[in-house]
file coords_11.txt (compact mmCIF, C-alpha atoms)
# COMPACT_ATOMS: atom_id res chain seq x y z
CA MET F 1 -19.12 -3.64 43.22
CA GLU F 2 -22.40 -2.61 44.90
CA ALA F 3 -24.55 -0.01 43.16
CA PRO F 4 -24.80 3.48 44.66
CA GLN F 5 -27.56 3.51 47.27
CA ARG F 6 -29.36 6.65 46.09
CA VAL F 7 -32.88 5.96 44.90
CA SER F 8 -34.21 9.54 44.91
CA PRO F 9 -34.86 11.02 41.49
CA SER F 10 -32.11 13.21 40.06
CA THR F 11 -32.02 16.81 41.16
CA VAL F 12 -29.43 17.81 38.57
CA PRO F 13 -30.57 19.22 35.21
CA ALA F 14 -29.18 17.46 32.10
CA ASP F 15 -27.51 20.69 30.97
CA HIS F 16 -25.64 21.25 34.24
CA PRO F 17 -22.19 22.47 33.09
CA GLY F 18 -20.52 20.08 35.53
CA ILE F 19 -21.71 17.13 33.44
CA ASN F 20 -19.54 18.09 30.47
CA GLU F 21 -16.64 18.56 32.88
CA LEU F 22 -17.23 15.12 34.38
CA PHE F 23 -17.27 13.48 30.93
CA SER F 24 -14.11 15.38 29.95
CA LEU F 25 -12.37 14.27 33.14
CA LEU F 26 -13.43 10.66 32.53
CA ALA F 27 -12.28 10.85 28.90
CA TYR F 28 -8.81 12.11 29.77
CA GLY F 29 -8.68 9.50 32.53
CA GLU F 30 -9.27 6.72 30.00
CA VAL F 31 -6.51 7.90 27.67
CA ALA F 32 -4.09 8.40 30.56
CA ALA F 33 -4.93 4.92 31.89
CA PHE F 34 -4.40 3.44 28.42
CA TYR F 35 -0.86 4.79 28.17
CA ARG F 36 0.01 3.98 31.78
CA LEU F 37 -1.16 0.38 31.45
CA THR F 38 0.89 -0.13 28.31
CA GLU F 39 3.95 1.42 29.95
CA GLU F 40 3.57 -0.61 33.13
CA ALA F 41 3.12 -3.77 31.03
CA ARG F 42 6.88 -3.61 30.34
CA MET F 43 7.36 -5.10 33.78
CA ALA F 44 5.26 -8.15 32.89
CA PRO F 45 7.30 -11.34 33.28
CA ASP F 46 5.75 -13.02 30.25
CA LEU F 47 3.58 -12.68 27.13
CA ARG F 48 0.45 -13.60 29.09
CA GLY F 49 0.87 -10.62 31.42
CA ARG F 50 1.58 -8.30 28.52
CA ILE F 51 -1.52 -9.48 26.69
CA ASN F 52 -3.72 -9.08 29.77
CA MET F 53 -2.51 -5.51 30.23
CA ALA F 54 -3.07 -4.79 26.53
CA ARG F 55 -6.64 -6.11 26.76
CA MET F 56 -7.38 -3.87 29.73
CA ALA F 57 -5.83 -0.91 27.93
CA ALA F 58 -7.94 -1.59 24.82
CA ALA F 59 -11.07 -1.66 27.01
CA GLU F 60 -10.18 1.84 28.26
CA MET F 61 -10.17 3.09 24.68
CA GLY F 62 -13.62 1.54 24.13
CA HIS F 63 -14.81 3.65 27.07
CA TYR F 64 -13.07 6.67 25.63
CA GLU F 65 -14.96 6.30 22.32
CA LEU F 66 -18.29 6.35 24.18
CA LEU F 67 -17.32 9.47 26.15
CA ARG F 68 -16.01 11.24 23.07
CA SER F 69 -19.21 10.64 21.10
CA THR F 70 -21.32 11.70 24.10
CA LEU F 71 -19.35 14.94 24.46
CA GLU F 72 -19.67 15.62 20.73
CA ALA F 73 -23.44 14.97 20.89
CA ARG F 74 -23.57 17.57 23.69
CA GLY F 75 -21.79 20.11 21.47
CA VAL F 76 -18.44 19.90 23.25
CA ASP F 77 -15.11 19.73 21.38
CA PRO F 78 -13.52 16.86 23.36
CA LEU F 79 -9.78 17.57 23.14
CA PRO F 80 -9.61 21.09 24.59
CA ALA F 81 -12.14 20.10 27.24
CA MET F 82 -10.19 16.99 28.24
CA ILE F 83 -6.74 18.51 28.35
CA ARG F 84 -7.65 20.66 31.33
CA TYR F 85 -7.60 17.48 33.42
CA ALA F 86 -4.17 16.39 32.21
CA PRO F 87 -2.19 17.93 35.13
CA ALA F 88 -4.11 16.17 37.92
CA LEU F 89 -4.29 12.80 36.20
CA GLU F 90 -0.70 12.79 34.98
CA GLN F 91 0.42 13.88 38.42
CA TYR F 92 -1.46 10.95 40.00
CA HIS F 93 0.26 8.52 37.62
CA ARG F 94 3.67 10.14 38.11
CA LEU F 95 3.39 9.86 41.88
CA THR F 96 2.26 6.24 41.67
CA THR F 97 4.69 4.80 39.13
CA PRO F 98 5.09 1.14 40.11
CA SER F 99 8.59 -0.24 40.50
CA THR F 100 7.66 -3.94 40.32
CA TRP F 101 5.16 -6.07 38.41
CA PRO F 102 3.07 -6.85 41.55
CA GLU F 103 2.90 -3.10 42.26
CA ALA F 104 1.68 -2.54 38.69
CA LEU F 105 -1.00 -5.22 39.17
CA VAL F 106 -2.18 -3.77 42.48
CA LYS F 107 -2.33 -0.29 40.98
CA THR F 108 -4.50 -1.58 38.14
CA TYR F 109 -6.93 -3.31 40.47
CA VAL F 110 -7.15 -0.72 43.24
CA GLY F 111 -6.99 2.23 40.87
CA ASP F 112 -9.87 0.93 38.75
CA ALA F 113 -12.00 0.46 41.84
CA MET F 114 -11.25 3.93 43.17
CA ALA F 115 -12.04 5.58 39.85
CA ALA F 116 -15.30 3.63 39.63
CA ASP F 117 -16.25 4.73 43.16
CA LEU F 118 -15.53 8.37 42.48
CA TYR F 119 -17.59 8.42 39.34
CA LEU F 120 -20.45 6.17 40.45
CA ALA F 121 -20.97 8.29 43.55
CA ILE F 122 -21.54 11.28 41.31
CA ALA F 123 -23.61 9.26 38.81
CA GLY F 124 -26.17 8.58 41.57
CA SER F 125 -27.39 12.16 41.36
CA LEU F 126 -27.30 12.54 37.58
CA PRO F 127 -30.21 12.33 35.10
CA THR F 128 -30.76 8.66 34.15
CA ASP F 129 -29.39 8.72 30.61
CA ILE F 130 -26.24 10.54 31.69
CA ALA F 131 -25.77 8.24 34.68
CA ASP F 132 -26.07 5.31 32.25
CA VAL F 133 -23.14 6.61 30.21
CA VAL F 134 -21.04 6.93 33.35
CA ARG F 135 -21.99 3.46 34.59
CA SER F 136 -21.40 1.70 31.28
CA VAL F 137 -18.01 3.38 30.96
CA LEU F 138 -17.07 2.16 34.38
CA ALA F 139 -18.73 -1.24 34.17
CA GLU F 140 -16.28 -3.63 35.67
CA THR F 141 -14.90 -5.98 33.10
CA VAL F 142 -13.60 -9.47 33.76
CA HIS F 143 -10.22 -8.26 32.59
CA SER F 144 -8.84 -7.22 35.95
CA GLN F 145 -9.73 -10.57 37.52
CA PHE F 146 -6.43 -12.06 36.36
CA VAL F 147 -4.79 -9.65 38.80
CA VAL F 148 -6.25 -11.31 41.90
CA ALA F 149 -4.71 -14.74 41.37
CA GLU F 150 -1.31 -13.31 40.53
CA VAL F 151 -1.17 -10.91 43.49
CA LEU F 152 -2.46 -13.56 45.94
CA SER F 153 0.30 -15.90 44.83
CA VAL F 154 2.98 -13.24 45.50
CA VAL F 155 1.42 -12.19 48.82
CA ASN F 156 1.03 -15.77 50.09
CA SER F 157 4.64 -16.61 49.33
CA SER F 158 6.26 -13.60 51.03
CA GLY F 159 5.29 -11.65 54.16
CA ARG F 160 7.69 -8.90 53.15
CA GLN F 161 5.98 -8.54 49.78
CA ARG F 162 2.61 -8.45 51.57
CA SER F 163 3.66 -5.56 53.80
CA ARG F 164 5.20 -3.69 50.90
CA LEU F 165 2.11 -4.09 48.72
CA ALA F 166 -0.23 -3.12 51.57
CA LEU F 167 1.71 0.15 52.03
CA TRP F 168 1.71 0.66 48.26
CA SER F 169 -2.05 0.18 48.14
CA ARG F 170 -2.60 2.79 50.89
CA ARG F 171 -0.38 5.21 49.03
CA LEU F 172 -2.50 4.76 45.88
CA LEU F 173 -5.61 5.73 47.86
CA GLY F 174 -3.89 8.75 49.40
CA GLU F 175 -2.66 10.10 46.09
CA ALA F 176 -6.04 9.56 44.44
CA VAL F 177 -7.85 11.50 47.16
CA THR F 178 -5.27 14.29 46.98
CA GLN F 179 -5.70 14.63 43.23
CA ALA F 180 -9.51 14.42 43.48
CA GLN F 181 -9.45 17.30 45.95
CA TYR F 182 -7.14 19.24 43.66
CA VAL F 183 -9.55 18.74 40.72
CA LEU F 184 -12.57 19.82 42.79
CA ALA F 185 -10.72 22.91 44.03
CA GLU F 186 -9.93 23.96 40.45
CA ARG F 187 -13.24 23.23 38.75
CA ASP F 188 -16.24 25.05 40.17
CA GLU F 189 -18.63 23.26 37.80
CA LEU F 190 -17.66 19.90 39.28
CA VAL F 191 -18.09 21.13 42.85
CA ASP F 192 -21.54 22.48 41.88
CA LEU F 193 -22.40 19.10 40.39
CA VAL F 194 -21.43 17.23 43.54
CA LEU F 195 -23.25 19.72 45.78
CA ALA F 196 -26.38 19.76 43.56
CA GLY F 197 -26.54 16.00 43.96
CA GLY F 198 -26.72 15.96 47.74
CA GLY F 199 -24.82 18.71 49.44
CA LEU F 200 -21.74 18.35 51.59
CA GLY F 201 -23.01 15.04 52.97
CA GLN F 202 -22.50 13.63 49.49
CA VAL F 203 -18.82 14.56 49.60
CA THR F 204 -18.34 12.96 53.01
CA ASP F 205 -20.17 9.83 51.82
CA LEU F 206 -17.87 9.70 48.84
CA TYR F 207 -14.70 9.63 50.92
CA ASP F 208 -16.23 7.05 53.28
CA ARG F 209 -17.19 4.93 50.35
CA LEU F 210 -13.73 5.18 48.79
CA GLN F 211 -12.18 4.02 52.06
CA ARG F 212 -14.64 1.12 52.35
CA THR F 213 -14.20 -0.16 48.79
CA HIS F 214 -10.48 0.19 49.14
CA SER F 215 -10.52 -2.04 52.25
CA GLU F 216 -12.62 -4.62 50.38
CA ARG F 217 -10.19 -4.62 47.49
CA MET F 218 -7.21 -5.00 49.81
CA GLY F 219 -8.98 -7.97 51.39
CA GLN F 220 -9.51 -9.57 47.98
CA LEU F 221 -5.80 -9.20 47.23
CA GLY F 222 -4.73 -10.67 50.59
CA LEU F 223 -3.47 -7.25 51.76
CA ALA F 224 -5.95 -6.58 54.60
CA MET A 1 -7.68 -2.07 -0.88
CA GLU A 2 -8.77 -4.29 -3.75
CA ALA A 3 -9.86 -7.84 -2.92
CA PRO A 4 -7.61 -10.75 -3.90
CA GLN A 5 -8.40 -11.74 -7.48
CA ARG A 6 -8.70 -15.47 -6.90
CA VAL A 7 -12.16 -16.81 -7.60
CA SER A 8 -11.31 -20.52 -7.79
CA PRO A 9 -12.68 -22.60 -4.90
CA SER A 10 -10.29 -23.35 -2.05
CA THR A 11 -7.92 -26.25 -2.52
CA VAL A 12 -6.76 -26.21 1.11
CA PRO A 13 -8.51 -28.43 3.68
CA ALA A 14 -9.82 -26.66 6.82
CA ASP A 15 -7.53 -28.77 9.01
CA HIS A 16 -4.35 -27.89 7.14
CA PRO A 17 -1.75 -27.39 9.92
CA GLY A 18 -0.56 -24.20 8.25
CA ILE A 19 -3.88 -22.52 9.13
CA ASN A 20 -3.21 -22.67 12.86
CA GLU A 21 0.27 -21.34 12.19
CA LEU A 22 -1.14 -18.47 10.14
CA PHE A 23 -3.59 -17.54 12.91
CA SER A 24 -0.80 -17.73 15.51
CA LEU A 25 1.43 -15.50 13.39
CA LEU A 26 -1.41 -13.01 12.94
CA ALA A 27 -2.18 -13.09 16.68
CA TYR A 28 1.39 -12.34 17.71
CA GLY A 29 1.50 -9.67 15.02
CA GLU A 30 -1.50 -7.92 16.57
CA VAL A 31 0.01 -7.88 20.06
CA ALA A 32 3.40 -6.73 18.74
CA ALA A 33 1.71 -3.98 16.72
CA PHE A 34 -0.27 -2.90 19.80
CA TYR A 35 2.87 -2.35 21.87
CA ARG A 36 4.81 -0.74 19.02
CA LEU A 37 2.02 1.72 18.28
CA THR A 38 1.80 2.74 21.91
CA GLU A 39 5.57 3.15 22.13
CA GLU A 40 5.80 5.14 18.90
CA ALA A 41 2.93 7.34 20.10
CA ARG A 42 5.43 8.98 22.49
CA MET A 43 6.67 10.95 19.52
CA ALA A 44 3.21 12.41 18.89
CA PRO A 45 3.33 16.21 19.10
CA ASP A 46 -0.07 16.50 20.79
CA LEU A 47 -2.96 14.73 22.53
CA ARG A 48 -4.77 14.24 19.23
CA GLY A 49 -1.91 12.19 17.79
CA ARG A 50 -1.61 10.14 20.97
CA ILE A 51 -5.33 9.41 20.94
CA ASN A 52 -5.29 8.38 17.28
CA MET A 53 -2.43 5.96 17.92
CA ALA A 54 -4.23 4.57 20.98
CA ARG A 55 -7.39 3.99 18.93
CA MET A 56 -5.45 2.10 16.30
CA ALA A 57 -3.69 0.07 18.97
CA ALA A 58 -7.03 -0.79 20.61
CA ALA A 59 -8.33 -1.98 17.22
CA GLU A 60 -5.36 -4.38 17.01
CA MET A 61 -6.43 -5.93 20.31
CA GLY A 62 -9.97 -6.37 18.96
CA HIS A 63 -8.44 -8.38 16.12
CA TYR A 64 -6.34 -10.32 18.60
CA GLU A 65 -9.47 -11.37 20.54
CA LEU A 66 -11.01 -12.81 17.36
CA LEU A 67 -7.86 -14.75 16.51
CA ARG A 68 -7.47 -16.03 20.07
CA SER A 69 -11.04 -17.36 20.20
CA THR A 70 -10.65 -18.91 16.72
CA LEU A 71 -7.44 -20.67 17.77
CA GLU A 72 -9.09 -21.92 20.97
CA ALA A 73 -12.10 -23.19 18.99
CA ARG A 74 -9.61 -25.13 16.83
CA GLY A 75 -8.08 -26.73 19.93
CA VAL A 76 -4.89 -24.65 19.93
CA ASP A 77 -3.41 -23.12 23.09
CA PRO A 78 -2.73 -19.61 21.75
CA LEU A 79 0.26 -18.39 23.78
CA PRO A 80 2.79 -21.16 23.06
CA ALA A 81 1.69 -21.20 19.41
CA MET A 82 2.05 -17.42 19.06
CA ILE A 83 5.37 -17.03 20.78
CA ARG A 84 7.19 -18.92 18.04
CA TYR A 85 6.63 -15.88 15.82
CA ALA A 86 8.05 -13.41 18.34
CA PRO A 87 11.63 -13.38 16.92
CA ALA A 88 10.66 -12.43 13.34
CA LEU A 89 8.05 -9.86 14.32
CA GLU A 90 10.11 -8.24 17.08
CA GLN A 91 13.09 -8.15 14.74
CA TYR A 92 11.00 -6.36 12.09
CA HIS A 93 9.96 -3.75 14.65
CA ARG A 94 13.50 -3.39 16.04
CA LEU A 95 14.91 -2.78 12.58
CA THR A 96 12.21 -0.26 11.75
CA THR A 97 12.10 1.85 14.91
CA PRO A 98 11.05 5.33 13.76
CA SER A 99 13.11 8.29 14.88
CA THR A 100 10.54 10.99 14.12
CA TRP A 101 6.75 11.33 14.32
CA PRO A 102 6.32 11.40 10.49
CA GLU A 103 8.36 8.17 10.30
CA ALA A 104 6.07 6.62 12.89
CA LEU A 105 3.02 7.67 10.87
CA VAL A 106 4.42 6.29 7.61
CA LYS A 107 5.31 3.01 9.33
CA THR A 108 1.75 2.67 10.60
CA TYR A 109 0.22 3.28 7.21
CA VAL A 110 2.62 1.32 5.02
CA GLY A 111 3.09 -1.46 7.56
CA ASP A 112 -0.66 -2.04 7.89
CA ALA A 113 -1.01 -2.27 4.11
CA MET A 114 1.88 -4.72 3.77
CA ALA A 115 0.55 -6.97 6.52
CA ALA A 116 -2.91 -6.91 4.93
CA ASP A 117 -1.41 -7.86 1.55
CA LEU A 118 0.60 -10.73 2.98
CA TYR A 119 -2.37 -12.20 4.74
CA LEU A 120 -5.05 -11.51 2.13
CA ALA A 121 -2.94 -13.18 -0.56
CA ILE A 122 -2.93 -16.34 1.53
CA ALA A 123 -6.61 -15.95 2.47
CA GLY A 124 -7.51 -16.27 -1.22
CA SER A 125 -6.75 -19.98 -1.12
CA LEU A 126 -8.28 -20.77 2.28
CA PRO A 127 -11.66 -22.34 3.04
CA THR A 128 -14.33 -19.60 3.11
CA ASP A 129 -14.97 -19.45 6.87
CA ILE A 130 -11.26 -19.30 7.63
CA ALA A 131 -10.64 -16.72 4.94
CA ASP A 132 -13.45 -14.67 6.51
CA VAL A 133 -11.62 -14.60 9.85
CA VAL A 134 -8.44 -13.43 8.15
CA ARG A 135 -10.26 -10.76 6.15
CA SER A 136 -12.23 -9.39 9.09
CA VAL A 137 -9.08 -9.20 11.18
CA LEU A 138 -7.38 -7.23 8.48
CA ALA A 139 -10.35 -5.15 7.42
CA GLU A 140 -9.05 -1.66 6.96
CA THR A 141 -10.43 0.70 9.53
CA VAL A 142 -10.88 4.42 9.11
CA HIS A 143 -8.34 4.89 11.87
CA SER A 144 -5.24 5.11 9.71
CA GLN A 145 -6.80 7.77 7.47
CA PHE A 146 -5.65 10.51 9.85
CA VAL A 147 -2.12 9.56 8.81
CA VAL A 148 -2.56 10.69 5.20
CA ALA A 149 -3.37 14.33 5.93
CA GLU A 150 -0.57 14.66 8.47
CA VAL A 151 2.11 13.07 6.27
CA LEU A 152 1.01 15.04 3.18
CA SER A 153 1.35 18.27 5.13
CA VAL A 154 4.94 17.39 6.15
CA VAL A 155 5.87 16.18 2.67
CA ASN A 156 4.43 19.22 0.90
CA SER A 157 6.30 21.62 3.15
CA SER A 158 9.77 20.07 2.81
CA GLY A 159 11.47 18.32 -0.12
CA ARG A 160 14.11 17.00 2.27
CA GLN A 161 11.46 15.40 4.45
CA ARG A 162 9.86 13.91 1.33
CA SER A 163 13.13 12.25 0.24
CA ARG A 164 13.81 10.99 3.75
CA LEU A 165 10.34 9.52 4.15
CA ALA A 166 10.44 7.91 0.69
CA LEU A 167 13.68 6.12 1.63
CA TRP A 168 12.16 5.16 4.98
CA SER A 169 9.12 3.72 3.26
CA ARG A 170 11.28 1.57 0.95
CA ARG A 171 13.23 0.33 3.94
CA LEU A 172 9.99 -0.75 5.64
CA LEU A 173 9.11 -2.84 2.58
CA GLY A 174 12.56 -4.40 2.44
CA GLU A 175 12.59 -5.40 6.11
CA ALA A 176 9.06 -6.80 5.88
CA VAL A 177 9.95 -8.99 2.90
CA THR A 178 13.14 -10.17 4.65
CA GLN A 179 11.23 -11.17 7.77
CA ALA A 180 8.45 -12.83 5.73
CA GLN A 181 11.08 -14.96 3.98
CA TYR A 182 12.65 -15.80 7.32
CA VAL A 183 9.27 -16.93 8.70
CA LEU A 184 8.54 -19.06 5.63
CA ALA A 185 11.99 -20.66 5.81
CA GLU A 186 11.42 -21.64 9.45
CA ARG A 187 7.82 -22.87 9.29
CA ASP A 188 7.21 -25.72 6.85
CA GLU A 189 3.46 -25.69 7.58
CA LEU A 190 3.20 -22.11 6.30
CA VAL A 191 5.16 -22.89 3.15
CA ASP A 192 2.85 -25.88 2.55
CA LEU A 193 -0.15 -23.61 3.01
CA VAL A 194 1.13 -21.08 0.47
CA LEU A 195 2.06 -23.80 -2.01
CA ALA A 196 -1.23 -25.68 -1.55
CA GLY A 197 -3.02 -22.46 -2.47
CA GLY A 198 -1.41 -22.03 -5.87
CA GLY A 199 2.15 -23.25 -6.09
CA LEU A 200 5.22 -21.11 -6.58
CA GLY A 201 3.32 -18.72 -8.84
CA GLN A 202 1.36 -17.72 -5.76
CA VAL A 203 4.57 -16.68 -3.97
CA THR A 204 5.75 -14.62 -6.95
CA ASP A 205 2.30 -13.00 -7.20
CA LEU A 206 2.51 -12.14 -3.53
CA TYR A 207 5.79 -10.26 -3.86
CA ASP A 208 4.52 -8.47 -6.99
CA ARG A 209 1.38 -7.52 -5.16
CA LEU A 210 3.32 -6.24 -2.15
CA GLN A 211 5.42 -4.03 -4.41
CA ARG A 212 2.33 -2.72 -6.23
CA THR A 213 0.35 -1.88 -3.09
CA HIS A 214 3.42 -0.29 -1.59
CA SER A 215 3.76 2.01 -4.62
CA GLU A 216 0.09 2.94 -4.34
CA ARG A 217 0.51 3.77 -0.66
CA MET A 218 3.58 5.88 -1.32
CA GLY A 219 1.58 7.78 -3.94
CA GLN A 220 -1.21 8.42 -1.41
CA LEU A 221 1.34 9.83 1.02
CA GLY A 222 2.97 12.06 -1.60
CA LEU A 223 6.12 9.91 -1.56
CA ALA A 224 5.98 8.49 -5.12
call {"tool": "encode", "arguments": {"input": "coords_11.txt", "output": "structure tokens"}}
result
Amino acid sequence: MEAPQRVSPSTVPADHPGINELFSLLAYGEVAAFYRLTEEARMAPDLRGRINMARMAAAEMGHYELLRSTLEARGVDPLPAMIRYAPALEQYHRLTTPSTWPEALVKTYVGDAMAADLYLAIAGSLPTDIADVVRSVLAETVHSQFVVAEVLSVVNSSGRQRSRLALWSRRLLGEAVTQAQYVLAERDELVDLVLAGGGLGQVTDLYDRLQRTHSERMGQLGLA
Amino acid sequence: MEAPQRVSPSTVPADHPGINELFSLLAYGEVAAFYRLTEEARMAPDLRGRINMARMAAAEMGHYELLRSTLEARGVDPLPAMIRYAPALEQYHRLTTPSTWPEALVKTYVGDAMAADLYLAIAGSLPTDIADVVRSVLAETVHSQFVVAEVLSVVNSSGRQRSRLALWSRRLLGEAVTQAQYVLAERDELVDLVLAGGGLGQVTDLYDRLQRTHSERMGQLGLA
């Protein structure tokens, strides 16, 4: 994934209240992703698939530990701060429950990329040390690479599966954007953080960027 | 947990075929424990409990990674080697499915201790570098400490719960011993490994040790 293209120094102070909200949102997102991955792993056809999902889930908890300790270092009690983001994140996962193993794989791959985009876009306008936490949490791991080969093999063997998975992938993007808007509408501190980083143009850039990365990911999975 | 009391040098060669079997058994055990912990976490009454279970599950996958790379370094393809241990381990978990959150907590705590005992007893007669892998995989983490406070609070508030959980704890030990015997009966290489380490006395010591650690654990949980 390309790095955010902002090179201007941060305009957001390190004690901006939106930063704690962002970390809390990320932290709940990691725990929610952990449990969703392990649930969706039930559809895996074999031990290899189950192990790959478990490895990805374990990586989410590694990210969670970093966020938790960062929140604590900033004087925030993580659990009550995180739980405010439960409705939006659980709703996203409820509305995008896969019904097949290829759908679960696509959700993993596309969902990870969308989350990374959302957070990296905001990281571009954060103080360096805080942006570093966000980036290391979202650093792409090699784990999700196993998804590409498996999805390509399904897509190449069935045009019907390709169409179904392409629609599924678009639905994932739509639901993610809906929930992101819902979160921004509810949390003034997060809106302030986005606006402090670059104004409304930043928000428009973010949606453009989401759409662009999503298209790239669909191409990689043979769903373009 | 006290270290195994064997100080005599190893009598087992590093290429004993039972060693690969032991690592494969441990590896499947980690993956099975990962999925069981995440499933049993559904009974958690709150986010804190779910996060604690997820952290323990993630630690199991860290252990799995070490075992997988050790098996690969020894020229073993991990998945086919591991899957032979699926029946015994899945059967243990099926027969010990908790029906309440305190039962899930007790299973985590007592089950971890029993597994550590089983493996550490064997590690005592392994070559040093191989014993080190086994010990680091089974190193007790601080994670399961959250269990003690929660179980003690349940046990101290209800004599009926205490009796129920004490019975449950004994059942966990019984099923574990049954499945361990089943595994040994099926896998000659593992029996050879145990016998090479100290003969039949070693096996008797192991069961004594299991019983002793189990009693200690029950005491810690207020179930003695």
call {"tool": "interface_residues", "arguments": {"input": "coords_11.txt", "of": "chain A", "to": "chain F", "cutoff": "9 Å", "atoms": "all atoms listed in the file", "output": "list in words"}}
result
Val31, Phe34, Tyr35, Thr38, Glu39, Leu47, Arg48, Arg50, Ile51, Ala54, Arg55, Ala57, Ala58, Ala59, Glu60, Met61, Gly62, Glu65, Leu79 and Ile83 of chain A
call {"tool": "atom_distance", "arguments": {"input": "coords_11.txt", "atom1": "atom CA of Pro102 of chain A", "atom2": "atom CA of Val151 of chain A"}}
result
6.2 Å
call {"tool": "residues_around", "arguments": {"input": "coords_11.txt", "residues": "segment 175-191 of chain A", "least_positions_apart": "4", "cutoff": "7 Å", "atoms": "all atoms listed in the file", "output": "number ranges by chain"}}
result
A: 17-18, 21-22, 88, 92, 171, 195
call {"tool": "atom_distance", "arguments": {"input": "coords_11.txt", "atom1": "atom CA of Leu105 of chain F", "atom2": "atom CA of Val147 of chain F"}}
result
5.8 Å
call {"tool": "atom_distance", "arguments": {"input": "coords_11.txt", "atom1": "atom CA of Ala224 of chain A", "atom2": "atom CA of Ala166 of chain A"}}
result
7.3 Å
call {"tool": "closest_residue", "arguments": {"input": "coords_11.txt", "among": "F:Gly174, F:Leu37, F:Gln211, F:Leu193", "to": "Ser125 of chain F", "atoms": "all atoms listed in the file"}}
result
F:Leu193
call {"tool": "closest_residue", "arguments": {"input": "coords_11.txt", "among": "A:Gln145, A:Ser136, A:Ser163, A:Thr204", "to": "Tyr109 of chain A", "atoms": "only C-alpha atoms"}}
result
A:Gln145
call {"tool": "residues_around", "arguments": {"input": "coords_11.txt", "residues": "Asp112 of chain A", "least_positions_apart": "2", "cutoff": "12 Å", "atoms": "all atoms listed in the file", "output": "PyMOL selection string"}}
result
chain A and resi 1+29-30+33-34+37+56-57+60+105-110+114-120+137-141+143-145+147+172-173+176+210+213-214+217
call {"tool": "build_atoms", "arguments": {"input": "coords_11.txt", "residues": "segment 95-99 of chain F", "atoms": "all heavy atoms", "output": "tab-separated table (two decimals), keeping the file's coordinate frame"}}
result
chain	number	residue	atom	x	y	z
F	95	LEU	N	3.11	10.12	40.46
F	95	LEU	CA	3.39	9.86	41.88
F	95	LEU	C	3.15	8.40	42.26
F	95	LEU	O	3.46	7.99	43.37
F	95	LEU	CB	2.51	10.77	42.76
F	95	LEU	CG	2.86	12.27	42.66
F	95	LEU	CD1	1.81	13.09	43.39
F	95	LEU	CD2	4.25	12.53	43.23
F	96	THR	N	2.55	7.65	41.37
F	96	THR	CA	2.26	6.24	41.67
F	96	THR	C	2.82	5.35	40.56
F	96	THR	O	2.17	4.40	40.13
F	96	THR	CB	0.74	6.00	41.82
F	96	THR	OG1	0.10	6.36	40.59
F	96	THR	CG2	0.15	6.79	42.96
F	97	THR	N	4.04	5.66	40.14
F	97	THR	CA	4.69	4.80	39.13
F	97	THR	C	5.19	3.53	39.83
F	97	THR	O	5.99	3.62	40.76
F	97	THR	CB	5.87	5.55	38.48
F	97	THR	OG1	5.37	6.74	37.86
F	97	THR	CG2	6.54	4.68	37.43
F	98	PRO	N	4.69	2.38	39.42
F	98	PRO	CA	5.09	1.14	40.11
F	98	PRO	C	6.55	0.82	39.82
F	98	PRO	O	7.07	1.17	38.76
F	98	PRO	CB	4.21	0.07	39.46
F	98	PRO	CG	3.27	0.77	38.55
F	98	PRO	CD	3.80	2.14	38.30
F	99	SER	N	7.21	0.16	40.77
F	99	SER	CA	8.59	-0.24	40.50
F	99	SER	C	8.73	-1.76	40.34
F	99	SER	O	9.82	-2.24	40.05
F	99	SER	CB	9.52	0.28	41.60
F	99	SER	OG	9.07	-0.16	42.85
